[in-house]
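Enquirer: Pasting in a structure now, in structure tokens, and then I'll have a few things to ask.
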Amino acid sequence: ENKPTITVGSKVKIKPGAKSYEGASMASYVYNKVYTVDELKGDRAVLDKTGLCTAFHINNLILV
């Protein structure tokens with residue numbers, strides 16, 4: 001099975017209820033928006049540096 005992978009530039013949504021990579025809770029509105037992956041190191045993805053600018057585990061992201 002060839003699953004699409006998340007890369008820099010991918011458009012993603014955050015899984016509902018997911019916390020940031022550092023374990024911080026997010027406001028409910030963040031789960032409704034689409035973000036761009038601006039940086040990727042291993043399983044850590046930084047989203048939307050100009051807006052959200054928060055890191056998430058890639059397992060908590062959904063490609064759109």
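Residue names in the structure tokens use chain letters A, B, ... in the order shown, residue numbers from 1 in each chain, and ligand numbers from 1 in the order shown.
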Counting only C-alpha atoms, what is within 9 Å of Ala18 of chain A, bar same-chain residues fewer than 4 positions away, as a list in words?
Expert: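 What passes the distance filter is Ile14, Gly23, Ser25, Met26, Tyr31, Phe56, Asn60 and Leu61 of chain A.
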Enquirer: Atoms to include: all heavy atoms. Write the selected residues as a short mmCIF file (atom, residue, chain, number, x, y, z; two decimals), in the first residue's frame.
Expert:
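So the final result, stored in result-v7.cif, reads:
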```cif
data_model
loop_
_atom_site.label_atom_id
_atom_site.label_comp_id
_atom_site.auth_asym_id
_atom_site.auth_seq_id
_atom_site.Cartn_x
_atom_site.Cartn_y
_atom_site.Cartn_z
N ILE A 14 -5.63 19.13 11.55
CA ILE A 14 -5.20 18.52 12.81
C ILE A 14 -6.33 17.63 13.30
O ILE A 14 -7.50 18.03 13.30
CB ILE A 14 -4.88 19.61 13.84
CG1 ILE A 14 -3.78 20.53 13.29
CG2 ILE A 14 -4.46 18.99 15.17
CD1 ILE A 14 -3.70 21.87 13.99
N GLY A 23 2.64 18.84 23.91
CA GLY A 23 1.59 18.40 24.83
C GLY A 23 0.59 19.47 25.22
O GLY A 23 -0.22 19.27 26.11
N SER A 25 -2.70 21.84 24.93
CA SER A 25 -4.04 21.76 24.36
C SER A 25 -4.26 22.90 23.38
O SER A 25 -3.68 23.98 23.55
CB SER A 25 -5.08 21.85 25.47
OG SER A 25 -4.96 20.73 26.33
N MET A 26 -5.08 22.66 22.38
CA MET A 26 -5.35 23.65 21.35
C MET A 26 -6.77 24.18 21.49
O MET A 26 -7.65 23.45 21.96
CB MET A 26 -5.22 23.01 19.96
CG MET A 26 -3.83 22.54 19.61
SD MET A 26 -2.70 23.92 19.31
CE MET A 26 -1.62 23.80 20.72
N TYR A 31 -8.93 23.06 14.89
CA TYR A 31 -9.20 21.77 14.25
C TYR A 31 -10.03 21.92 12.97
O TYR A 31 -10.15 20.98 12.21
CB TYR A 31 -9.92 20.83 15.23
CG TYR A 31 -9.10 20.61 16.49
CD1 TYR A 31 -9.52 21.14 17.71
CD2 TYR A 31 -7.90 19.91 16.45
CE1 TYR A 31 -8.76 20.96 18.86
CE2 TYR A 31 -7.13 19.73 17.59
CZ TYR A 31 -7.56 20.25 18.79
OH TYR A 31 -6.81 20.08 19.91
N PHE A 56 3.35 19.65 15.63
CA PHE A 56 2.50 18.50 15.93
C PHE A 56 3.21 17.23 15.50
O PHE A 56 4.04 17.24 14.58
CB PHE A 56 1.16 18.59 15.18
CG PHE A 56 0.26 19.65 15.72
CD1 PHE A 56 0.32 20.94 15.25
CD2 PHE A 56 -0.66 19.36 16.71
CE1 PHE A 56 -0.51 21.94 15.76
CE2 PHE A 56 -1.48 20.34 17.23
CZ PHE A 56 -1.41 21.63 16.74
N ASN A 60 -0.83 12.99 14.18
CA ASN A 60 -2.01 13.80 14.53
C ASN A 60 -2.48 14.68 13.39
O ASN A 60 -3.34 15.53 13.58
CB ASN A 60 -1.70 14.66 15.76
CG ASN A 60 -1.64 13.83 17.02
OD1 ASN A 60 -2.36 12.85 17.15
ND2 ASN A 60 -0.80 14.21 17.95
N LEU A 61 -1.90 14.48 12.20
CA LEU A 61 -2.25 15.31 11.05
C LEU A 61 -2.98 14.49 10.00
O LEU A 61 -2.73 13.29 9.85
CB LEU A 61 -1.00 15.94 10.43
CG LEU A 61 -0.15 16.78 11.39
CD1 LEU A 61 1.08 17.30 10.68
CD2 LEU A 61 -0.95 17.92 11.99
#
```
Enquirer: List as a PDB file with C-alpha atoms, in the first residue's frame the protein and nucleic acid residues near segment 35-47 of chain A, meaning an atom at most 9 Å away when only C-alpha atoms are counted, but skip any in the same chain fewer than 6 places from it.
Expert:
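Output saved as out.pdb:
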```pdb
ATOM      1  CA  ILE A   6       3.184  14.350   4.701  1.00  0.00           C
ATOM      2  CA  THR A   7       5.991  16.537   3.374  1.00  0.00           C
ATOM      3  CA  VAL A   8       6.973  20.216   3.599  1.00  0.00           C
ATOM      4  CA  GLY A   9       4.259  22.110   1.737  1.00  0.00           C
ATOM      5  CA  SER A  10       1.524  19.529   2.444  1.00  0.00           C
ATOM      6  CA  LYS A  11      -1.929  20.878   3.300  1.00  0.00           C
ATOM      7  CA  VAL A  12      -3.147  19.261   6.509  1.00  0.00           C
ATOM      8  CA  LYS A  13      -5.811  19.382   9.166  1.00  0.00           C
ATOM      9  CA  ILE A  14      -5.204  18.521  12.811  1.00  0.00           C
ATOM     10  CA  TYR A  21       4.021  18.121  19.961  1.00  0.00           C
ATOM     11  CA  CYS A  53       3.362  28.277  14.249  1.00  0.00           C
ATOM     12  CA  THR A  54       2.909  25.123  16.321  1.00  0.00           C
ATOM     13  CA  ALA A  55       4.547  21.706  16.066  1.00  0.00           C
ATOM     14  CA  PHE A  56       2.504  18.502  15.932  1.00  0.00           C
ATOM     15  CA  HIS A  57       3.313  14.804  15.683  1.00  0.00           C
ATOM     16  CA  ILE A  58       2.668  13.741  12.089  1.00  0.00           C
ATOM     17  CA  ASN A  59       0.324  10.995  13.383  1.00  0.00           C
ATOM     18  CA  LEU A  61      -2.254  15.314  11.049  1.00  0.00           C
TER      19      LEU A  61
END
```
Enquirer: Have a look at A:Pro16, A:Val64, A:Gly51, A:Thr5 and name the one nearest to Val34 of chain A; count only C-alpha atoms.
Expert: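 Of A:Pro16, A:Val64, A:Gly51, A:Thr5, the one nearest Val34 of chain A is A:Val64, counting only C-alpha atoms.
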Enquirer: As a ChimeraX atom specification, list the residues of chain A assigned to strand (DSSP E) by DSSP on the backbone atoms of this structure.
Expert: /A:11-14,35-41,44-47,54-57,61-63
Enquirer: Give me, as an NGL selection string, the residues of chain A that a backbone DSSP run labels helix (DSSP H, G or I).
Expert: :A and (28-32 or 58-60)
